[in-house]
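Here's final.csv, which has CSV, C-alpha atoms and all ligand atoms:
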```csv
chain,number,residue,atom,x,y,z
O,173,MET,CA,12.8,37.6,-26.6
O,174,PHE,CA,12.3,34.6,-28.8
O,175,GLU,CA,11.6,32.0,-26.1
O,176,ARG,CA,8.9,33.0,-23.6
O,177,PRO,CA,7.9,29.9,-21.5
O,178,ARG,CA,5.4,32.1,-19.7
O,179,ARG,CA,3.2,32.3,-22.9
O,180,ASN,CA,2.1,28.7,-22.1
O,181,ARG,CA,1.2,29.6,-18.5
O,182,GLN,CA,-0.9,32.7,-19.1
O,183,ASN,CA,-4.4,31.3,-18.2
O,184,PRO,CA,-6.0,28.2,-16.9
O,185,SER,CA,-7.2,26.8,-20.2
O,186,ILE,CA,-3.7,27.0,-21.8
O,187,ARG,CA,-2.2,25.5,-18.7
O,188,ALA,CA,-4.7,22.7,-18.9
O,189,LEU,CA,-3.8,22.1,-22.6
O,190,VAL,CA,-0.1,21.9,-22.0
O,191,ARG,CA,-0.3,19.9,-18.7
O,192,GLU,CA,1.9,16.8,-19.0
O,193,ASN,CA,0.6,14.7,-16.2
O,194,GLY,CA,-2.6,14.1,-14.3
O,195,VAL,CA,-4.0,12.1,-11.5
O,196,LEU,CA,-7.1,9.9,-12.3
O,197,VAL,CA,-9.4,8.6,-9.5
O,198,SER,CA,-8.8,5.2,-11.0
O,199,ASP,CA,-5.0,5.5,-10.2
O,200,LEU,CA,-5.8,5.5,-6.5
O,201,VAL,CA,-5.8,2.5,-4.2
O,202,TRP,CA,-7.2,3.1,-0.7
O,203,PRO,CA,-5.5,1.3,2.2
O,204,LEU,CA,-8.1,0.4,5.0
O,205,PHE,CA,-7.9,-1.0,8.5
O,206,VAL,CA,-10.4,-3.5,9.7
O,207,ILE,CA,-11.2,-4.3,13.3
O,208,GLU,CA,-13.6,-6.7,15.1
O,209,GLY,CA,-17.0,-5.3,16.2
O,210,GLN,CA,-20.1,-3.6,14.9
O,211,ASN,CA,-20.5,0.0,13.8
O,212,VAL,CA,-17.0,0.8,14.9
O,213,SER,CA,-15.1,3.7,13.3
O,214,GLU,CA,-12.3,4.5,15.6
O,215,GLU,CA,-10.1,7.4,14.6
O,216,VAL,CA,-6.4,6.8,14.9
O,217,PRO,CA,-4.7,9.7,16.7
O,218,SER,CA,-1.4,9.4,14.7
O,219,LEU,CA,-3.3,9.3,11.4
O,220,PRO,CA,-5.9,12.1,11.5
O,221,GLY,CA,-8.9,11.2,9.3
O,222,VAL,CA,-8.0,7.5,9.2
O,223,CYS,CA,-10.2,5.0,11.1
O,224,ARG,CA,-10.1,1.4,12.2
O,225,LEU,CA,-13.4,0.1,10.8
O,226,SER,CA,-15.6,-2.8,11.7
O,227,ILE,CA,-16.6,-4.9,8.7
O,228,ASP,CA,-20.1,-3.3,8.4
O,229,ASN,CA,-18.6,0.2,8.3
O,230,LEU,CA,-15.7,-1.0,6.1
O,231,VAL,CA,-18.2,-2.2,3.4
O,232,LYS,CA,-20.0,1.2,3.6
O,233,GLU,CA,-16.8,3.1,3.1
O,234,CYS,CA,-15.9,0.9,0.2
O,235,GLU,CA,-19.3,1.5,-1.4
O,236,GLU,CA,-18.9,5.2,-1.1
O,237,ALA,CA,-15.3,5.1,-2.5
O,238,HIS,CA,-16.4,3.0,-5.4
O,239,VAL,CA,-19.2,5.4,-6.3
O,240,LEU,CA,-16.5,8.1,-6.3
O,241,GLY,CA,-14.6,6.1,-8.9
O,242,ILE,CA,-12.0,4.3,-6.7
O,243,GLN,CA,-11.3,0.9,-8.2
O,244,ALA,CA,-9.3,-0.8,-5.5
O,245,VAL,CA,-8.7,-1.1,-1.7
O,246,LEU,CA,-5.9,-2.7,0.3
O,247,LEU,CA,-6.9,-4.3,3.6
O,248,PHE,CA,-5.0,-4.7,6.9
O,249,PRO,CA,-6.4,-6.4,10.0
O,250,CYS,CA,-6.0,-4.9,13.5
O,251,LEU,CA,-6.0,-7.9,15.8
O,252,SER,CA,-6.2,-8.1,19.5
O,253,GLU,CA,-3.1,-9.3,21.4
O,254,GLU,CA,-4.7,-12.7,22.3
O,255,LEU,CA,-4.9,-13.6,18.6
O,256,LYS,CA,-1.2,-13.0,18.0
O,257,ASN,CA,1.5,-15.6,18.4
O,258,LYS,CA,5.0,-16.3,17.1
O,259,LYS,CA,3.9,-18.2,14.1
O,260,ALA,CA,1.1,-15.9,13.1
O,261,THR,CA,-1.4,-18.8,12.9
O,262,GLU,CA,-4.4,-16.5,12.8
O,263,SER,CA,-3.3,-15.3,9.4
O,264,ALA,CA,-4.4,-18.6,7.8
O,265,ASN,CA,-7.7,-18.8,9.6
O,266,ASP,CA,-10.4,-19.0,6.9
O,267,LYS,CA,-12.8,-17.5,9.3
O,268,GLY,CA,-10.4,-14.8,10.5
O,269,LEU,CA,-11.2,-11.1,10.5
O,270,LEU,CA,-9.4,-10.2,7.3
O,271,GLN,CA,-10.9,-13.2,5.4
O,272,ARG,CA,-14.4,-12.2,6.6
O,273,ALA,CA,-13.8,-8.6,5.5
O,274,ILE,CA,-12.6,-9.7,2.0
O,275,ALA,CA,-15.7,-11.9,1.6
O,276,ALA,CA,-18.1,-9.2,2.8
O,277,ILE,CA,-16.7,-6.6,0.4
O,278,LYS,CA,-16.6,-8.9,-2.6
O,279,GLU,CA,-20.2,-10.0,-1.9
O,280,LYS,CA,-21.6,-6.5,-1.7
O,281,ILE,CA,-19.3,-4.8,-4.3
O,282,PRO,CA,-18.0,-7.4,-6.7
O,283,THR,CA,-16.6,-4.8,-9.1
O,284,LEU,CA,-14.3,-3.3,-6.5
O,285,THR,CA,-10.8,-4.9,-6.6
O,286,VAL,CA,-9.8,-6.1,-3.2
O,287,MET,CA,-6.1,-6.5,-2.3
O,288,SER,CA,-4.7,-7.9,0.9
O,289,ASP,CA,-1.4,-7.5,2.7
O,290,VAL,CA,0.7,-10.6,3.1
O,291,ALA,CA,3.2,-10.4,6.0
O,292,MET,CA,3.3,-11.7,9.5
O,293,ASP,CA,3.5,-8.5,11.5
O,294,PRO,CA,-0.2,-7.8,12.2
O,295,TYR,CA,-0.5,-11.4,13.5
O,296,SER,CA,2.9,-11.8,15.2
O,297,THR,CA,3.8,-11.3,18.9
O,298,ASP,CA,7.2,-10.4,17.7
O,299,GLY,CA,6.0,-7.6,15.4
O,300,HIS,CA,8.2,-8.8,12.5
O,301,ASP,CA,7.2,-9.6,9.0
O,302,GLY,CA,8.9,-13.0,9.2
O,303,LEU,CA,9.4,-15.8,11.7
O,304,VAL,CA,11.8,-14.8,14.5
O,305,SER,CA,14.3,-17.2,16.1
O,306,HIS,CA,17.0,-16.1,18.5
O,307,GLY,CA,16.7,-12.6,17.3
O,308,GLU,CA,17.0,-13.6,13.6
O,309,ILE,CA,14.3,-13.3,11.0
O,310,LEU,CA,14.2,-16.6,9.2
O,311,ASN,CA,13.7,-16.5,5.5
O,312,ASP,CA,12.8,-19.9,4.1
O,313,GLU,CA,10.8,-21.0,7.2
O,314,THR,CA,8.6,-17.9,6.7
O,315,LEU,CA,7.6,-18.7,3.1
O,316,PRO,CA,5.1,-21.5,3.9
O,317,ILE,CA,3.4,-19.2,6.5
O,318,LEU,CA,3.1,-16.4,3.9
O,319,ALA,CA,1.8,-18.9,1.4
O,320,ALA,CA,-0.9,-20.3,3.8
O,321,MET,CA,-1.9,-16.7,4.5
O,322,ALA,CA,-2.2,-15.9,0.8
O,323,VAL,CA,-4.1,-19.0,-0.1
O,324,SER,CA,-6.6,-18.4,2.8
O,325,GLN,CA,-7.1,-14.8,1.5
O,326,ALA,CA,-7.6,-16.2,-2.0
O,327,ARG,CA,-10.2,-18.6,-0.7
O,328,ALA,CA,-12.0,-15.6,0.8
O,329,GLY,CA,-12.2,-14.1,-2.6
O,330,VAL,CA,-9.3,-11.6,-2.8
O,331,ASP,CA,-8.3,-10.4,-6.2
O,332,ILE,CA,-4.6,-9.5,-5.6
O,333,VAL,CA,-2.3,-10.4,-2.8
O,334,ALA,CA,0.4,-7.9,-1.8
O,335,PRO,CA,3.4,-9.4,0.0
O,336,SER,CA,5.0,-6.7,2.0
O,337,ASP,CA,7.4,-8.9,3.9
O,338,MET,CA,10.6,-8.6,1.8
O,339,MET,CA,11.6,-12.3,2.3
O,340,ASP,CA,13.8,-13.6,-0.6
O,341,GLY,CA,12.0,-15.8,-3.1
O,342,ARG,CA,8.5,-15.2,-1.8
O,343,VAL,CA,6.9,-14.1,-5.0
O,344,ALA,CA,7.8,-17.4,-6.8
O,345,TYR,CA,6.8,-19.4,-3.7
O,346,LEU,CA,3.4,-17.6,-3.5
O,347,ARG,CA,2.8,-18.0,-7.2
O,348,GLN,CA,3.4,-21.7,-7.0
O,349,GLU,CA,1.2,-22.3,-4.0
O,350,LEU,CA,-1.6,-20.1,-5.3
O,351,ASP,CA,-1.5,-22.0,-8.6
O,352,ASP,CA,-1.4,-25.4,-6.9
O,353,ALA,CA,-4.5,-24.4,-4.9
O,354,GLY,CA,-6.3,-23.4,-8.2
O,355,PHE,CA,-5.9,-19.6,-7.8
O,356,GLU,CA,-4.2,-18.8,-11.1
O,357,ARG,CA,-6.4,-15.7,-11.4
O,358,VAL,CA,-5.2,-14.2,-8.2
O,359,GLY,CA,-2.6,-11.6,-8.9
O,360,ILE,CA,0.6,-10.7,-7.0
O,361,LEU,CA,1.5,-7.1,-6.3
O,362,SER,CA,4.9,-7.3,-4.8
O,363,TYR,CA,6.3,-4.7,-2.4
O,364,THR,CA,9.5,-4.9,-4.5
O,365,ALA,CA,11.6,-2.0,-3.3
O,366,LYS,CA,10.5,-1.6,0.3
O,367,TYR,CA,12.9,0.5,2.3
O,368,ALA,CA,13.6,0.3,6.1
O,369,SER,CA,11.9,3.7,6.5
O,370,SER,CA,11.1,5.8,9.5
O,371,PHE,CA,7.9,6.9,7.7
O,372,TYR,CA,6.0,3.8,8.8
O,373,GLY,CA,5.6,4.9,12.4
O,374,PRO,CA,1.9,5.9,12.4
O,375,PHE,CA,1.0,2.7,10.5
O,376,ARG,CA,2.6,0.6,13.3
O,377,ASP,CA,0.5,2.6,15.8
O,378,VAL,CA,-2.7,1.7,14.0
O,379,LEU,CA,-1.9,-2.1,14.1
O,380,ASP,CA,0.1,-2.0,17.3
O,381,SER,CA,2.6,-3.9,15.2
O,382,ALA,CA,6.0,-2.3,15.9
O,383,PRO,CA,8.8,-4.9,16.3
O,384,LYS,CA,9.2,-5.9,19.9
O,385,ALA,CA,13.0,-6.2,19.5
O,386,GLY,CA,15.4,-5.0,16.8
O,387,ASP,CA,14.5,-3.4,13.6
O,388,LYS,CA,13.6,-4.5,10.0
O,389,LYS,CA,16.9,-3.7,8.4
O,390,THR,CA,17.9,-7.3,7.7
O,391,TYR,CA,15.0,-7.6,5.3
O,392,GLN,CA,13.8,-4.2,4.3
O,393,MET,CA,16.2,-2.2,2.0
O,394,ASP,CA,18.9,0.2,3.0
O,395,THR,CA,17.6,3.7,2.4
O,396,ALA,CA,20.8,4.7,0.7
O,397,ASN,CA,20.5,2.2,-2.2
O,398,ILE,CA,19.1,2.3,-5.7
O,399,ARG,CA,21.0,-0.4,-7.6
O,400,GLU,CA,19.7,-2.9,-5.1
O,401,ALA,CA,16.1,-1.8,-6.0
O,402,LEU,CA,16.8,-2.7,-9.6
O,403,ARG,CA,18.0,-6.2,-8.5
O,404,GLU,CA,14.8,-6.7,-6.4
O,405,THR,CA,12.7,-5.6,-9.3
O,406,ARG,CA,14.5,-8.0,-11.7
O,407,LEU,CA,14.0,-10.9,-9.3
O,408,ASP,CA,10.3,-10.2,-8.6
O,409,ILE,CA,9.5,-10.0,-12.3
O,410,GLU,CA,11.4,-13.2,-13.0
O,411,GLU,CA,9.5,-14.8,-10.1
O,412,GLY,CA,6.1,-13.8,-11.6
O,413,ALA,CA,5.0,-10.6,-10.0
O,414,ASP,CA,2.1,-8.9,-11.8
O,415,ILE,CA,2.8,-5.4,-10.4
O,416,VAL,CA,5.8,-4.1,-8.6
O,417,MET,CA,5.8,-1.4,-5.9
O,418,VAL,CA,8.2,1.2,-4.6
O,419,LYS,CA,7.6,2.2,-0.9
O,420,PRO,CA,7.7,4.8,0.6
O,421,GLY,CA,6.9,7.3,-2.1
O,422,LEU,CA,8.1,10.9,-1.6
O,423,PRO,CA,11.7,10.1,-0.3
O,424,TYR,CA,12.1,7.6,-3.1
O,425,LEU,CA,10.9,9.3,-6.3
O,426,ASP,CA,14.2,8.6,-8.0
O,427,VAL,CA,13.7,4.9,-7.4
O,428,LEU,CA,10.2,5.1,-8.7
O,429,LYS,CA,11.4,6.9,-11.8
O,430,THR,CA,14.2,4.4,-12.5
O,431,VAL,CA,12.0,1.3,-11.8
O,432,SER,CA,9.2,2.6,-14.0
O,433,GLU,CA,11.6,3.2,-16.9
O,434,MET,CA,13.1,-0.3,-16.6
O,435,VAL,CA,10.0,-2.6,-16.5
O,436,ASP,CA,7.2,-3.6,-18.8
O,437,ILE,CA,4.7,-4.3,-16.1
O,438,PRO,CA,2.6,-1.8,-14.0
O,439,VAL,CA,4.4,0.1,-11.3
O,440,ALA,CA,2.8,1.1,-8.0
O,441,VAL,CA,3.9,3.5,-5.3
O,442,TYR,CA,2.9,3.5,-1.6
O,443,ASN,CA,2.4,7.0,-0.2
O,444,VAL,CA,2.9,5.7,3.4
O,445,SER,CA,1.4,6.7,6.7
O,446,GLY,CA,4.2,9.2,7.7
O,447,GLU,CA,3.9,11.0,4.4
O,448,TYR,CA,0.2,11.3,4.9
O,449,ALA,CA,0.6,12.5,8.5
O,450,MET,CA,3.0,15.2,7.4
O,451,LEU,CA,0.4,16.9,5.2
O,452,LYS,CA,-2.3,16.6,7.8
O,453,LEU,CA,-0.1,18.1,10.4
O,454,MET,CA,1.0,20.9,8.1
O,455,ALA,CA,-2.6,21.8,7.3
O,456,GLU,CA,-3.6,21.5,11.0
O,457,LYS,CA,-0.9,24.0,11.9
O,458,GLY,CA,-2.0,26.4,9.2
O,459,LEU,CA,1.2,25.8,7.2
O,460,GLY,CA,-0.5,24.9,4.0
O,461,ASN,CA,-3.7,24.1,2.2
O,462,TYR,CA,-4.5,20.3,2.6
O,463,ASP,CA,-6.0,19.9,-0.9
O,464,ASP,CA,-3.2,21.7,-2.6
O,465,LEU,CA,-0.5,19.8,-0.7
O,466,MET,CA,-2.2,16.5,-1.5
O,467,MET,CA,-2.6,17.1,-5.2
O,468,GLU,CA,1.0,18.3,-5.5
O,469,VAL,CA,2.3,15.1,-3.8
O,470,LEU,CA,0.0,12.8,-5.9
O,471,LEU,CA,1.1,14.5,-9.1
O,472,SER,CA,4.8,13.9,-8.2
O,473,PHE,CA,4.2,10.2,-8.3
O,474,LYS,CA,2.6,10.4,-11.7
O,475,ARG,CA,5.5,12.5,-13.0
O,476,ALA,CA,7.9,9.8,-11.6
O,477,GLY,CA,6.1,7.1,-13.6
O,478,ALA,CA,3.6,5.5,-11.2
O,479,ASP,CA,0.6,3.7,-12.7
O,480,MET,CA,-1.2,3.5,-9.4
O,481,ILE,CA,-0.8,5.2,-6.0
O,482,PHE,CA,-1.6,3.6,-2.7
O,483,THR,CA,-2.6,6.5,-0.5
O,484,TYR,CA,-4.7,7.3,2.6
O,485,HIS,CA,-5.6,10.5,0.7
O,486,ALA,CA,-7.6,8.4,-1.8
O,487,LYS,CA,-11.1,9.3,-0.8
O,488,ASP,CA,-10.2,13.0,-0.2
O,489,ALA,CA,-8.5,13.1,-3.6
O,490,ALA,CA,-11.4,11.3,-5.3
O,491,ARG,CA,-13.9,13.9,-4.0
O,492,LEU,CA,-11.7,16.7,-5.2
O,493,LEU,CA,-11.1,15.2,-8.6
O,494,ARG,CA,-14.7,14.5,-9.3
O,495,GLY,CA,-15.7,16.7,-12.2
O,496,SER,CA,-12.3,18.3,-12.5
O,497,CYS,CA,-9.2,17.3,-14.5
O,498,VAL,CA,-6.4,18.2,-12.1
O,501,LIG,C1,4.2,-4.4,7.1
O,501,LIG,C2,3.7,-3.2,6.4
O,501,LIG,C3,4.1,-1.9,6.8
O,501,LIG,C4,3.4,-1.0,6.0
O,501,LIG,C5,2.7,-1.8,5.1
O,501,LIG,N1,2.9,-3.1,5.4
O,501,LIG,C6,4.9,-1.4,7.9
O,501,LIG,C7,6.3,-2.0,8.1
O,501,LIG,O1,6.9,-2.6,7.2
O,501,LIG,O2,6.7,-1.9,9.3
O,501,LIG,C8,3.6,0.5,6.1
O,501,LIG,C9,2.5,1.3,5.5
O,501,LIG,C10,2.5,2.7,6.0
O,501,LIG,O3,3.3,3.2,6.7
O,501,LIG,O4,1.5,3.3,5.6
O,501,LIG,N2,4.2,-5.6,6.5
```
Show the structure stored in the file as structure tokens.
Amino acid sequence: MFERPRRNRQNPSIRALVRENGVLVSDLVWPLFVIEGQNVSEEVPSLPGVCRLSIDNLVKECEEAHVLGIQAVLLFPCLSEELKNKKATESANDKGLLQRAIAAIKEKIPTLTVMSDVAMDPYSTDGHDGLVSHGEILNDETLPILAAMAVSQARAGVDIVAPSDMMDGRVAYLRQELDDAGFERVGILSYTAKYASSFYGPFRDVLDSAPKAGDKKTYQMDTANIREALRETRLDIEEGADIVMVKPGLPYLDVLKTVSEMVDIPVAVYNVSGEYAMLKLMAEKGLGNYDDLMMEVLLSFKRAGADMIFTYHAKDAARLLRGSCV
């Protein structure tokens, strides 16, 4: 036999030499949930191993993660119902929970990149990412609310804002408002191809942010489409996005691959809550080894062209990767 592909697989050192892709700890971004209080680490039943953290514990977790080599975190606030309203006004409160969390992390760990979500749902009584009127999600009326939120986060010291709302024109709007407020250095990571996915369920449990009525299909993308993702990508880049994102990850690897081949800016993928829960539940039921499942999934994103991976596995993966070259 002339061709024997198995020759390149015969032992670990040859396999390591011919390995085409790898996950670096610095590729991982850790999404974290902050809640009011002191010394609170409240495990979320639908996301085993993920906690809602008070600011003091959040800072500790960030320090540990940074020591392990993680370079960035993404923050979401868990607000009590009294602070929510239709216009999400709490989102622009400079003394709000998220703003205090950003400032606390940047003060203690200035070298850790802090990203923050920009969308109305954690602050809205309607549980939608935009302003709701008579059952409709208003686009242009939502933009100033998102901009006020982003500028407030920038004032708190955030490095990158991450609009996850899928309103049209929001990247250009945020860029302009951030620049006008003197925050040219604050980057925009746009959730560019964000699909109306069923894999967000556990996340909505964490924030208690599921839509009160209707679904998100008039703004998040139809799960059947890929050409539409290219259009969203073109628009976000024209509007000034610094990084584009595909979300969720596993069911959209084709989209990730296509987007990563088309752009000349960094591409992120969000390995969302339902994808994380799947592996945890498999491992819990004895259907697979958690570490192996996790690394196989993370590698799939690198193969598909991701530069960075937003994942609840970040700290587990960082521990595993330390000292190895998986
Ligand atoms: C909302 C937002 C969602 C996620 C990130 N930002 C949920 C949604 O769109 O309903 C999902 C993340 C996850 O499932 O891990 N702006």
Residue list as a short mmCIF file (atom, residue, chain, number, x, y, z; two decimals) with C-alpha atoms, keeping the file's coordinate frame for point (2.2, -11.3, 5.2), cut-off 12 Å, all atoms listed in the file:
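As written to disk, point-v6.cif reads:
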```cif
data_model
loop_
_atom_site.label_atom_id
_atom_site.label_comp_id
_atom_site.auth_asym_id
_atom_site.auth_seq_id
_atom_site.Cartn_x
_atom_site.Cartn_y
_atom_site.Cartn_z
CA LEU O 247 -6.90 -4.30 3.60
CA PHE O 248 -5.00 -4.70 6.90
CA PRO O 249 -6.40 -6.40 10.00
CA LYS O 259 3.90 -18.20 14.10
CA ALA O 260 1.10 -15.90 13.10
CA THR O 261 -1.40 -18.80 12.90
CA GLU O 262 -4.40 -16.50 12.80
CA SER O 263 -3.30 -15.30 9.40
CA ALA O 264 -4.40 -18.60 7.80
CA LEU O 270 -9.40 -10.20 7.30
CA SER O 288 -4.70 -7.90 0.90
CA ASP O 289 -1.40 -7.50 2.70
CA VAL O 290 0.70 -10.60 3.10
CA ALA O 291 3.20 -10.40 6.00
CA MET O 292 3.30 -11.70 9.50
CA ASP O 293 3.50 -8.50 11.50
CA PRO O 294 -0.20 -7.80 12.20
CA TYR O 295 -0.50 -11.40 13.50
CA SER O 296 2.90 -11.80 15.20
CA GLY O 299 6.00 -7.60 15.40
CA HIS O 300 8.20 -8.80 12.50
CA ASP O 301 7.20 -9.60 9.00
CA GLY O 302 8.90 -13.00 9.20
CA LEU O 303 9.40 -15.80 11.70
CA THR O 314 8.60 -17.90 6.70
CA LEU O 315 7.60 -18.70 3.10
CA PRO O 316 5.10 -21.50 3.90
CA ILE O 317 3.40 -19.20 6.50
CA LEU O 318 3.10 -16.40 3.90
CA ALA O 319 1.80 -18.90 1.40
CA ALA O 320 -0.90 -20.30 3.80
CA MET O 321 -1.90 -16.70 4.50
CA ALA O 322 -2.20 -15.90 0.80
CA VAL O 323 -4.10 -19.00 -0.10
CA SER O 324 -6.60 -18.40 2.80
CA GLN O 325 -7.10 -14.80 1.50
CA VAL O 333 -2.30 -10.40 -2.80
CA ALA O 334 0.40 -7.90 -1.80
CA PRO O 335 3.40 -9.40 0.00
CA SER O 336 5.00 -6.70 2.00
CA ASP O 337 7.40 -8.90 3.90
CA MET O 338 10.60 -8.60 1.80
CA MET O 339 11.60 -12.30 2.30
CA ARG O 342 8.50 -15.20 -1.80
CA VAL O 343 6.90 -14.10 -5.00
CA LEU O 346 3.40 -17.60 -3.50
CA SER O 362 4.90 -7.30 -4.80
CA TYR O 363 6.30 -4.70 -2.40
#
```
Can you pull out the residues contacting Asp479 in chain O? Cut-off 9 Å, using all atoms listed in the file, and skip same-chain residues under 2 positions away; I want them as a PyMOL selection string. chain O and resi 199+432+438-441+473-474+477+481
Counting only C-alpha atoms and all ligand atoms, the option among O:Glu279, O:Glu411, O:Asp380, O:Asp426 closest to ligand LIG 501 (chain O):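 Ranked by minimum distance to ligand LIG 501 (chain O), first place goes to O:Asp380.
Near Leu284 in chain O, within a cut-off of 12 Å and counting all atoms listed in the file, sit the residues Ser198, Val201, Trp202, Val231, Glu233, Cys234, Glu235, Glu236, Ala237, His238, Val239, Leu240, Gly241, Ile242, Gln243, Ala244, Val245, Leu246, Ile274, Ala275, Ala276, Ile277, Lys278, Glu279, Gly329, Val330, Asp331 and Ile332 of chain O, with same-chain residues fewer than 5 positions away left out.
Take the candidates O:Arg403, O:Phe375, O:Lys388, O:Met287 and check each one against Val431 in chain O using all atoms listed in the file; the shortest distance goes to O:Arg403.
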Between CA of Phe371 in chain O and CA of Ser218 in chain O, measure the distance and give it in Å to one decimal.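 Computing it gives 11.9 Å between the two atoms.
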What separates CA of Ala365 in chain O and CA of Ser472 in chain O is a distance of 18.0 Å
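Residues lying within 8 Å of Thr395 in chain O, counting all atoms listed in the file and ignoring same-chain neighbours fewer than 5 positions away, are Tyr367, Ala368 and Ser369 of chain O.
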From the set O:Ile227, O:Ile186, O:Val418, O:Met467, which residue has the shortest atom-to-atom contact distance to ligand LIG 501 (chain O), counting all atoms listed in the file?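 Of O:Ile227, O:Ile186, O:Val418, O:Met467, the one nearest ligand LIG 501 (chain O), counting all atoms listed in the file, is O:Val418.
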Between atom C2 of ligand LIG 501 (chain O) and CA of Val444 in chain O, what is the distance in Å, rounded to a tenth? 9.4 Å
Go through O:Leu200, O:Asp436, O:Tyr372, O:Ala328 one by one, measure the shortest atom-to-atom distance of each to Arg491 in chain O using only C-alpha atoms, and give the residue with the smallest value.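 Between O:Leu200, O:Asp436, O:Tyr372, O:Ala328, the residue approaching Arg491 in chain O most closely is O:Leu200.
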Among listed residues O:Val304, O:Gly341, O:Pro423, O:Ile437, nearest Thr390 in chain O (using only C-alpha atoms): O:Val304
Range 386-400 of chain O rebuilt with N, CA, C and O atoms, output as a JSON list (two decimals), keeping the file's coordinate frame:
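Once everything was written out, this is out13.json:
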```json
[["chain", "number", "residue", "atom", "x", "y", "z"],
["O", 386, "GLY", "N", 14.66, -5.26, 18.06],
["O", 386, "GLY", "CA", 15.40, -5.00, 16.80],
["O", 386, "GLY", "C", 14.66, -4.16, 15.84],
["O", 386, "GLY", "O", 13.68, -3.49, 16.19],
["O", 387, "ASP", "N", 15.13, -4.15, 14.60],
["O", 387, "ASP", "CA", 14.50, -3.40, 13.60],
["O", 387, "ASP", "C", 14.30, -4.24, 12.32],
["O", 387, "ASP", "O", 14.52, -5.45, 12.39],
["O", 388, "LYS", "N", 13.88, -3.64, 11.22],
["O", 388, "LYS", "CA", 13.60, -4.50, 10.00],
["O", 388, "LYS", "C", 14.68, -4.40, 8.98],
["O", 388, "LYS", "O", 14.45, -4.73, 7.81],
["O", 389, "LYS", "N", 15.87, -3.96, 9.41],
["O", 389, "LYS", "CA", 16.90, -3.70, 8.40],
["O", 389, "LYS", "C", 17.57, -4.92, 7.79],
["O", 389, "LYS", "O", 18.28, -4.78, 6.80],
["O", 390, "THR", "N", 17.32, -6.12, 8.35],
["O", 390, "THR", "CA", 17.90, -7.30, 7.70],
["O", 390, "THR", "C", 17.00, -7.80, 6.55],
["O", 390, "THR", "O", 17.38, -8.69, 5.81],
["O", 391, "TYR", "N", 15.79, -7.25, 6.44],
["O", 391, "TYR", "CA", 15.00, -7.60, 5.30],
["O", 391, "TYR", "C", 14.50, -6.46, 4.45],
["O", 391, "TYR", "O", 14.46, -6.55, 3.22],
["O", 392, "GLN", "N", 14.15, -5.34, 5.07],
["O", 392, "GLN", "CA", 13.80, -4.20, 4.30],
["O", 392, "GLN", "C", 15.07, -3.49, 3.77],
["O", 392, "GLN", "O", 16.13, -3.63, 4.38],
["O", 393, "MET", "N", 14.95, -2.73, 2.68],
["O", 393, "MET", "CA", 16.20, -2.20, 2.00],
["O", 393, "MET", "C", 16.80, -1.04, 2.71],
["O", 393, "MET", "O", 16.13, -0.20, 3.31],
["O", 394, "ASP", "N", 18.11, -0.94, 2.53],
["O", 394, "ASP", "CA", 18.90, 0.20, 3.00],
["O", 394, "ASP", "C", 18.45, 1.46, 2.26],
["O", 394, "ASP", "O", 18.43, 1.47, 1.03],
["O", 395, "THR", "N", 18.13, 2.50, 3.03],
["O", 395, "THR", "CA", 17.60, 3.70, 2.40],
["O", 395, "THR", "C", 18.58, 4.40, 1.46],
["O", 395, "THR", "O", 18.19, 5.25, 0.68],
["O", 396, "ALA", "N", 19.84, 4.01, 1.52],
["O", 396, "ALA", "CA", 20.80, 4.70, 0.70],
["O", 396, "ALA", "C", 20.93, 4.06, -0.73],
["O", 396, "ALA", "O", 21.61, 4.60, -1.60],
["O", 397, "ASN", "N", 20.24, 2.92, -0.96],
["O", 397, "ASN", "CA", 20.50, 2.20, -2.20],
["O", 397, "ASN", "C", 19.48, 2.32, -3.28],
["O", 397, "ASN", "O", 18.29, 2.38, -3.00],
["O", 398, "ILE", "N", 19.98, 2.34, -4.51],
["O", 398, "ILE", "CA", 19.10, 2.30, -5.70],
["O", 398, "ILE", "C", 19.37, 1.14, -6.58],
["O", 398, "ILE", "O", 18.45, 0.50, -7.09],
["O", 399, "ARG", "N", 20.64, 0.78, -6.75],
["O", 399, "ARG", "CA", 21.00, -0.40, -7.60],
["O", 399, "ARG", "C", 20.30, -1.63, -7.07],
["O", 399, "ARG", "O", 19.81, -2.48, -7.82],
["O", 400, "GLU", "N", 20.29, -1.72, -5.74],
["O", 400, "GLU", "CA", 19.70, -2.90, -5.10],
["O", 400, "GLU", "C", 18.18, -2.98, -5.42],
["O", 400, "GLU", "O", 17.62, -4.07, -5.51]]
```
